[in-house]
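Student: Just input_18.cif, nothing more (mmCIF, C-alpha atoms):
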```cif
data_final
#
loop_
_atom_site.group_PDB
_atom_site.id
_atom_site.type_symbol
_atom_site.label_atom_id
_atom_site.label_comp_id
_atom_site.auth_asym_id
_atom_site.auth_seq_id
_atom_site.Cartn_x
_atom_site.Cartn_y
_atom_site.Cartn_z
ATOM 1 C CA MET A 1 -41.005 -21.401 -213.613
ATOM 2 C CA ILE A 2 -41.199 -24.857 -215.177
ATOM 3 C CA TYR A 3 -44.687 -26.178 -215.856
ATOM 4 C CA GLY A 4 -45.153 -29.917 -216.262
ATOM 5 C CA VAL A 5 -47.872 -31.109 -218.634
ATOM 6 C CA GLY A 6 -49.168 -34.534 -219.597
ATOM 7 C CA THR A 7 -52.240 -36.724 -219.727
ATOM 8 C CA GLY A 8 -52.088 -37.990 -216.182
ATOM 9 C CA ARG A 9 -51.162 -41.625 -215.425
ATOM 10 C CA CYS A 10 -48.009 -40.729 -217.335
ATOM 11 C CA GLY A 11 -45.622 -39.836 -214.516
ATOM 12 C CA THR A 12 -46.616 -36.294 -213.552
ATOM 13 C CA LYS A 13 -46.066 -37.047 -209.861
ATOM 14 C CA SER A 14 -42.683 -38.597 -210.643
ATOM 15 C CA LEU A 15 -41.731 -35.603 -212.785
ATOM 16 C CA ALA A 16 -42.583 -33.230 -209.937
ATOM 17 C CA ALA A 17 -40.347 -35.270 -207.628
ATOM 18 C CA ASP A 18 -37.510 -35.263 -210.178
ATOM 19 C CA LEU A 19 -37.741 -31.472 -210.481
ATOM 20 C CA GLY A 20 -38.090 -30.814 -206.743
ATOM 21 C CA GLY A 21 -41.391 -29.131 -207.507
ATOM 22 C CA LEU A 22 -45.062 -29.354 -206.592
ATOM 23 C CA HIS A 23 -47.668 -31.771 -207.914
ATOM 24 C CA GLU A 24 -51.199 -30.422 -208.398
ATOM 25 C CA PRO A 25 -51.207 -27.931 -205.504
ATOM 26 C CA LYS A 26 -54.571 -26.873 -204.120
ATOM 27 C CA PRO A 27 -56.895 -25.336 -205.048
ATOM 28 C CA TRP A 28 -57.146 -27.872 -207.847
ATOM 29 C CA LEU A 29 -57.760 -26.557 -211.335
ATOM 30 C CA GLY A 30 -60.065 -29.483 -212.064
ATOM 31 C CA ALA A 31 -63.037 -29.141 -214.370
ATOM 32 C CA GLN A 32 -62.585 -25.363 -214.559
ATOM 33 C CA SER A 33 -59.511 -25.877 -216.734
ATOM 34 C CA VAL A 34 -61.531 -27.853 -219.276
ATOM 35 C CA ALA A 35 -64.292 -25.231 -219.240
ATOM 36 C CA ALA A 36 -61.672 -22.516 -219.804
ATOM 37 C CA TYR A 37 -60.262 -24.486 -222.723
ATOM 38 C CA TYR A 38 -63.715 -24.508 -224.283
ATOM 39 C CA GLY A 39 -64.125 -20.739 -223.919
ATOM 40 C CA ASP A 40 -66.008 -20.272 -220.637
ATOM 41 C CA GLU A 41 -64.987 -16.724 -219.624
ATOM 42 C CA GLY A 42 -65.708 -17.221 -215.924
ATOM 43 C CA ALA A 43 -63.626 -20.402 -215.817
ATOM 44 C CA TYR A 44 -60.878 -18.647 -217.773
ATOM 45 C CA ARG A 45 -60.691 -15.837 -215.215
ATOM 46 C CA TRP A 46 -60.775 -18.342 -212.344
ATOM 47 C CA CYS A 47 -57.928 -20.374 -213.839
ATOM 48 C CA ARG A 48 -55.897 -17.229 -214.473
ATOM 49 C CA ALA A 49 -56.221 -16.241 -210.816
ATOM 50 C CA ARG A 50 -55.166 -19.736 -209.697
ATOM 51 C CA LEU A 51 -52.167 -19.685 -212.027
ATOM 52 C CA GLU A 52 -51.117 -16.296 -210.666
ATOM 53 C CA GLU A 53 -51.311 -17.766 -207.154
ATOM 54 C CA ARG A 54 -49.168 -20.698 -208.240
ATOM 55 C CA LEU A 55 -46.572 -18.392 -209.752
ATOM 56 C CA ALA A 56 -46.419 -16.463 -206.474
ATOM 57 C CA LEU A 57 -45.489 -19.657 -204.607
ATOM 58 C CA GLY A 58 -41.992 -19.371 -206.039
ATOM 59 C CA ALA A 59 -41.654 -23.118 -206.613
ATOM 60 C CA PRO A 60 -39.042 -24.258 -209.143
ATOM 61 C CA ALA A 61 -41.689 -26.301 -210.939
ATOM 62 C CA ILE A 62 -45.361 -27.184 -210.759
ATOM 63 C CA VAL A 63 -46.645 -30.275 -212.527
ATOM 64 C CA ASP A 64 -50.358 -30.680 -213.199
ATOM 65 C CA LEU A 65 -52.162 -32.537 -215.955
ATOM 66 C CA HIS A 66 -54.653 -29.654 -216.071
ATOM 67 C CA HIS A 67 -51.885 -27.352 -217.280
ATOM 68 C CA SER A 68 -52.131 -29.293 -220.528
ATOM 69 C CA TRP A 69 -55.083 -27.296 -221.875
ATOM 70 C CA LEU A 70 -54.013 -23.993 -220.312
ATOM 71 C CA ILE A 71 -50.633 -23.538 -222.032
ATOM 72 C CA PRO A 72 -51.578 -20.273 -223.840
ATOM 73 C CA LEU A 73 -52.933 -18.834 -220.564
ATOM 74 C CA ILE A 74 -49.820 -19.903 -218.647
ATOM 75 C CA CYS A 75 -47.698 -18.031 -221.181
ATOM 76 C CA GLN A 76 -49.742 -14.876 -220.493
ATOM 77 C CA VAL A 77 -49.412 -15.223 -216.728
ATOM 78 C CA ASP A 78 -45.713 -16.142 -216.606
ATOM 79 C CA ALA A 79 -43.408 -14.397 -219.068
ATOM 80 C CA SER A 80 -40.580 -16.816 -218.230
ATOM 81 C CA ALA A 81 -42.610 -20.025 -218.402
ATOM 82 C CA GLU A 82 -40.881 -23.186 -219.564
ATOM 83 C CA PHE A 83 -42.555 -26.525 -220.153
ATOM 84 C CA ILE A 84 -41.780 -30.202 -219.775
ATOM 85 C CA TRP A 85 -44.169 -32.519 -221.555
ATOM 86 C CA VAL A 86 -44.103 -36.013 -220.063
ATOM 87 C CA MET A 87 -45.480 -38.736 -222.305
ATOM 88 C CA ARG A 88 -46.142 -42.379 -221.541
ATOM 89 C CA ASP A 89 -46.570 -44.976 -224.272
ATOM 90 C CA PRO A 90 -50.263 -45.355 -225.154
ATOM 91 C CA ALA A 91 -50.553 -48.990 -224.062
ATOM 92 C CA GLY A 92 -49.109 -48.279 -220.623
ATOM 93 C CA CYS A 93 -51.164 -45.129 -220.149
ATOM 94 C CA VAL A 94 -54.432 -46.687 -221.292
ATOM 95 C CA ALA A 95 -53.821 -49.741 -219.080
ATOM 96 C CA SER A 96 -53.243 -47.425 -216.143
ATOM 97 C CA PHE A 97 -56.469 -45.531 -216.807
ATOM 98 C CA LEU A 98 -58.478 -48.724 -217.061
ATOM 99 C CA ALA A 99 -56.919 -50.209 -213.938
ATOM 100 C CA GLY A 100 -57.797 -47.000 -212.111
ATOM 101 C CA ASN A 101 -61.471 -47.438 -213.097
ATOM 102 C CA ALA A 102 -61.440 -44.361 -215.323
ATOM 103 C CA TRP A 103 -64.782 -43.712 -217.015
ATOM 104 C CA SER A 104 -66.389 -46.635 -215.195
ATOM 105 C CA LYS A 105 -69.364 -44.436 -214.296
ATOM 106 C CA PRO A 106 -71.160 -41.758 -216.343
ATOM 107 C CA THR A 107 -69.925 -39.063 -213.952
ATOM 108 C CA GLY A 108 -66.478 -40.551 -213.375
ATOM 109 C CA TRP A 109 -63.303 -38.620 -214.160
ATOM 110 C CA ALA A 110 -65.308 -35.500 -214.891
ATOM 111 C CA ASN A 111 -62.240 -33.323 -214.350
ATOM 112 C CA LEU A 112 -60.413 -34.820 -217.327
ATOM 113 C CA TRP A 113 -60.567 -33.366 -220.814
ATOM 114 C CA HIS A 114 -63.500 -34.558 -222.904
ATOM 115 C CA PRO A 115 -64.986 -33.690 -226.296
ATOM 116 C CA TYR A 116 -67.065 -30.534 -226.138
ATOM 117 C CA GLU A 117 -70.361 -32.406 -226.252
ATOM 118 C CA GLY A 118 -69.085 -35.394 -224.290
ATOM 119 C CA TRP A 119 -67.989 -38.848 -225.375
ATOM 120 C CA PRO A 120 -70.117 -40.662 -227.968
ATOM 121 C CA GLU A 121 -72.526 -43.010 -226.228
ATOM 122 C CA ALA A 122 -71.169 -46.012 -228.114
ATOM 123 C CA PHE A 123 -67.596 -45.473 -226.857
ATOM 124 C CA SER A 124 -66.230 -48.153 -224.560
ATOM 125 C CA ARG A 125 -63.904 -47.349 -221.660
ATOM 126 C CA PHE A 126 -61.009 -48.352 -223.916
ATOM 127 C CA ASP A 127 -62.241 -45.976 -226.645
ATOM 128 C CA LYS A 128 -62.390 -43.111 -224.159
ATOM 129 C CA ALA A 129 -58.998 -43.869 -222.620
ATOM 130 C CA LEU A 130 -57.217 -44.078 -225.970
ATOM 131 C CA GLY A 131 -59.152 -41.112 -227.367
ATOM 132 C CA TYR A 132 -58.217 -39.069 -224.330
ATOM 133 C CA TRP A 133 -54.527 -40.041 -224.608
ATOM 134 C CA ALA A 134 -54.407 -39.089 -228.283
ATOM 135 C CA GLU A 135 -56.399 -35.857 -228.088
ATOM 136 C CA VAL A 136 -54.638 -34.414 -225.040
ATOM 137 C CA ASN A 137 -51.186 -35.138 -226.437
ATOM 138 C CA LEU A 138 -52.245 -33.490 -229.711
ATOM 139 C CA ILE A 139 -53.496 -30.449 -227.766
ATOM 140 C CA ILE A 140 -50.199 -30.212 -225.882
ATOM 141 C CA GLY A 141 -48.087 -30.600 -229.000
ATOM 142 C CA ALA A 142 -50.024 -27.971 -230.937
ATOM 143 C CA ALA A 143 -49.868 -25.440 -228.081
ATOM 144 C CA LEU A 144 -46.142 -25.919 -227.458
ATOM 145 C CA ALA A 145 -45.373 -25.648 -231.167
ATOM 146 C CA VAL A 146 -46.687 -22.077 -231.283
ATOM 147 C CA CYS A 147 -46.166 -20.757 -227.750
ATOM 148 C CA GLY A 148 -42.600 -19.597 -228.393
ATOM 149 C CA ARG A 149 -41.360 -20.756 -224.974
ATOM 150 C CA PRO A 150 -38.619 -23.271 -224.174
ATOM 151 C CA TRP A 151 -39.900 -26.803 -223.783
ATOM 152 C CA GLU A 152 -38.766 -30.379 -223.837
ATOM 153 C CA GLN A 153 -40.395 -33.767 -223.891
ATOM 154 C CA ARG A 154 -39.584 -36.634 -221.524
ATOM 155 C CA ARG A 155 -40.738 -40.212 -221.591
ATOM 156 C CA THR A 156 -42.121 -41.797 -218.464
ATOM 157 C CA SER A 157 -39.336 -44.360 -218.729
ATOM 158 C CA GLU A 158 -36.771 -41.531 -218.417
ATOM 159 C CA LEU A 159 -38.023 -40.365 -215.024
ATOM 160 C CA THR A 160 -36.166 -41.454 -211.916
ATOM 161 C CA ALA A 161 -38.756 -41.145 -209.109
ATOM 162 C CA HIS A 162 -41.036 -43.929 -210.439
ATOM 163 C CA LEU A 163 -44.053 -43.123 -208.296
ATOM 164 C CA ASN A 164 -46.607 -44.812 -210.565
ATOM 165 C CA ARG A 165 -49.231 -46.884 -208.766
ATOM 166 C CA TYR A 166 -50.969 -48.552 -211.689
ATOM 167 C CA PRO A 167 -49.957 -51.420 -213.959
ATOM 168 C CA THR A 168 -47.869 -51.348 -217.082
ATOM 169 C CA SER A 169 -49.368 -52.506 -220.374
ATOM 170 C CA GLY A 170 -47.923 -55.982 -219.855
ATOM 171 C CA GLN A 171 -50.228 -56.455 -216.882
ATOM 172 C CA TRP A 172 -53.406 -55.561 -218.770
ATOM 173 C CA ARG A 173 -54.979 -57.790 -221.391
ATOM 174 C CA PHE A 174 -55.914 -56.015 -224.609
ATOM 175 C CA SER A 175 -57.803 -57.634 -227.469
ATOM 176 C CA ASP A 176 -56.049 -58.055 -230.825
ATOM 177 C CA GLU A 177 -58.043 -55.152 -232.247
ATOM 178 C CA GLU A 178 -57.155 -52.936 -229.290
ATOM 179 C CA GLN A 179 -53.484 -53.838 -229.631
ATOM 180 C CA GLN A 180 -53.574 -52.825 -233.293
ATOM 181 C CA ARG A 181 -55.083 -49.443 -232.433
ATOM 182 C CA LEU A 182 -52.550 -48.872 -229.670
ATOM 183 C CA ALA A 183 -49.704 -49.744 -232.051
ATOM 184 C CA LEU A 184 -51.021 -47.276 -234.637
ATOM 185 C CA TRP A 185 -51.196 -44.396 -232.175
ATOM 186 C CA ARG A 186 -47.804 -45.288 -230.753
ATOM 187 C CA GLU A 187 -46.350 -44.963 -234.258
ATOM 188 C CA LEU A 188 -48.202 -41.715 -234.959
ATOM 189 C CA LEU A 189 -47.588 -39.845 -231.713
ATOM 190 C CA TYR A 190 -45.164 -41.629 -229.422
ATOM 191 C CA ASP A 191 -42.356 -42.713 -231.740
ATOM 192 C CA ASP A 192 -41.039 -39.173 -232.184
ATOM 193 C CA PRO A 193 -42.852 -37.890 -235.278
ATOM 194 C CA GLY A 194 -41.561 -34.582 -236.598
ATOM 195 C CA GLY A 195 -38.676 -34.376 -234.168
ATOM 196 C CA LEU A 196 -40.825 -33.506 -231.145
ATOM 197 C CA ARG A 197 -38.062 -34.354 -228.695
ATOM 198 C CA PRO A 198 -35.325 -32.325 -226.997
ATOM 199 C CA GLY A 199 -33.120 -30.979 -229.764
ATOM 200 C CA GLY A 200 -35.613 -31.971 -232.457
ATOM 201 C CA ALA A 201 -37.457 -29.707 -234.841
ATOM 202 C CA GLY A 202 -40.245 -28.968 -232.375
ATOM 203 C CA GLY A 203 -38.360 -28.496 -229.108
ATOM 204 C CA SER A 204 -35.942 -25.968 -227.720
#
```
Now, as a test, write the supplied structure out as structure tokens.
Tutor:
Amino acid sequence: MIYGVGTGRCGTKSLAADLGGLHEPKPWLGAQSVAAYYGDEGAYRWCRARLEERLALGAPAIVDLHHSWLIPLICQVDASAEFIWVMRDPAGCVASFLAGNAWSKPTGWANLWHPYEGWPEAFSRFDKALGYWAEVNLIIGAALAVCGRPWEQRRTSELTAHLNRYPTSGQWRFSDEEQQRLALWRELLYDDPGGLRPGGAGGS
């Protein structure tokens, strides 16, 4: 089966539509996937059972942002797993998070990945959104590089369904300092470093 991974707000729903697959089927993996990533044995067993249920559905593809920190477990559950990593440019993704009120409350977006001890108190919503984008894409890239399974990367702009509901970066006003940070991370992670694209050094 094909497993779609990404940060969220990057086109996961559109990718599922393009593949004729499912998008985040219930029961949701949610916060249990993050707990499993950080070594919680009970959450790990729970996620494994949910992944086995998903495999039994027989769908051609399932796309879920929470797959992003469960790639090693998915490879254990499904011996024929393949992956598509959908990535949106950091400015567009961060704008979408902020427009969706991500991290606007202390308990908001609790099901998303976060540092083990939580976000530093001094972090703004922008800091969290950009930090999340960078860290989750790094987690995905590292896991796919060693999993030994076929995978490819697609840009949000390459999808055809276009089911996004939140604004592009051009509709969100970033400060000069924020624009500089976004440009740096775009260069480091989005502009194809190390050949992490279909047919490149990292993909299959």
Student: Determine the residue set returned by the PyMOL selection byres ((chain A and resi 15) around 9) for the present structure, and present it as a list of chain:residue names.
Tutor: A:Gly4, A:Gly11, A:Thr12, A:Lys13, A:Ser14, A:Ala16, A:Ala17, A:Asp18, A:Leu19, A:Gly20, A:Gly21, A:His23, A:Val63, A:Ile84, A:Val86, A:Thr156, A:Leu159, A:Thr160, A:Ala161, A:His162
Student: Quick one: axis-aligned box around all listed atoms of region 26-35 of chain A, 5 Å on every side, centre and edge lengths in Å to one decimal, written as lines of an AutoDock Vina configuration file.
Tutor:
```
center_x = -59.4
center_y = -27.4
center_z = -211.7
size_x = 19.7
size_y = 14.3
size_z = 25.2
```
Student: Could you write out as a list of chain:residue names the residues that the PyMOL selection byres ((chain A and resi 78) around 10) matches in the shown file?
Tutor: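 So the PyMOL selection byres ((chain A and resi 78) around 10) ends up selecting A:Met1, A:Ile2, A:Leu51, A:Glu52, A:Leu55, A:Leu73, A:Ile74, A:Cys75, A:Gln76, A:Val77, A:Ala79, A:Ser80, A:Ala81, A:Glu82.
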Student: As an exercise, work out the distance from CA of Tyr116 (chain A) to CA of Ala183 (chain A) in Å and give it to one decimal place.
Tutor: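 If I compute the distance from CA of Tyr116 (chain A) to CA of Ala183 (chain A), I get 26.6 Å.
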Student: Counting only C-alpha atoms, what is within 7 Å of Ala129 (chain A), bar same-chain residues fewer than 3 positions away, as a PyMOL selection string?
Tutor: chain A and resi 94+97+125-126+132-133
Student: Quick one: residues within 9 Å of Leu70 (chain A), all atoms listed in the file, excluding same-chain residues fewer than 6 positions away - as a PyMOL selection string?
Tutor: chain A and resi 33-34+36-37+47+143
Student: Could you write out the selected residues, including C-alpha atoms, as a PDB file, in the coordinates of the input?
Tutor:
```pdb
ATOM      1  CA  SER A  33     -59.511 -25.877-216.734  1.00  0.00           C
ATOM      2  CA  VAL A  34     -61.531 -27.853-219.276  1.00  0.00           C
ATOM      3  CA  ALA A  36     -61.672 -22.516-219.804  1.00  0.00           C
ATOM      4  CA  TYR A  37     -60.262 -24.486-222.723  1.00  0.00           C
ATOM      5  CA  CYS A  47     -57.928 -20.374-213.839  1.00  0.00           C
ATOM      6  CA  ALA A 143     -49.868 -25.440-228.081  1.00  0.00           C
TER       7      ALA A 143
END
```
Student: What's the separation between CA of Trp151 (chain A) and CA of Ala49 (chain A), in Å to one decimal place?
Tutor: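 Between CA of Trp151 (chain A) and CA of Ala49 (chain A) the gap is 23.4 Å.
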Student: Run the PyMOL selection byres ((chain A and resi 87) around 10) mentally over the shown coordinates, then write out the matched residues as a list in words, using the chain letters and numbers from the document.
Tutor: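 What the PyMOL selection byres ((chain A and resi 87) around 10) grabs from the file is Val5, Gly6, Thr7, Gly8, Arg9, Cys10, Gly11, Thr12, Ile84, Trp85, Val86, Arg88, Asp89, Pro90, Cys93, Trp133, Asn137, Gln153, Arg154, Arg155, Thr156, Ser157, Glu158, Leu189 and Tyr190 of chain A.
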Student: Point out the residue among A:Pro72, A:Pro115, A:Pro120, A:Gly100 with the least atom-to-atom distance to Gly148 (chain A), counting only C-alpha atoms.
Tutor: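 Ranking A:Pro72, A:Pro115, A:Pro120, A:Gly100 by distance to Gly148 (chain A), first place goes to A:Pro72.
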Student: How many Å lie between CA of Tyr3 (chain A) and CA of Leu138 (chain A), rounded to one decimal?
Tutor: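 The value is 17.4 Å.
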Student: Between A:Arg45, A:Leu57, A:Ile71, A:Trp28, which residue has the minimum interatomic distance to Gly141 (chain A), considering all atoms listed in the file?
Tutor: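 Of A:Arg45, A:Leu57, A:Ile71, A:Trp28, the one nearest Gly141 (chain A), counting all atoms listed in the file, is A:Ile71.
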Student: I need the residue nearest His114 (chain A) from this list: A:Arg181, A:Arg186, A:Arg48, A:Lys128. Use all atoms listed in the file for the distance.
Tutor: A:Lys128
Student: May I ask which of the residues A:Ala91, A:Leu144, A:Leu130, A:Ile62 is the closest one to Trp103 (chain A), counting only C-alpha atoms?
Tutor: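 Checking each of A:Ala91, A:Leu144, A:Leu130, A:Ile62 against Trp103 (chain A), counting only C-alpha atoms, the winner is A:Leu130.
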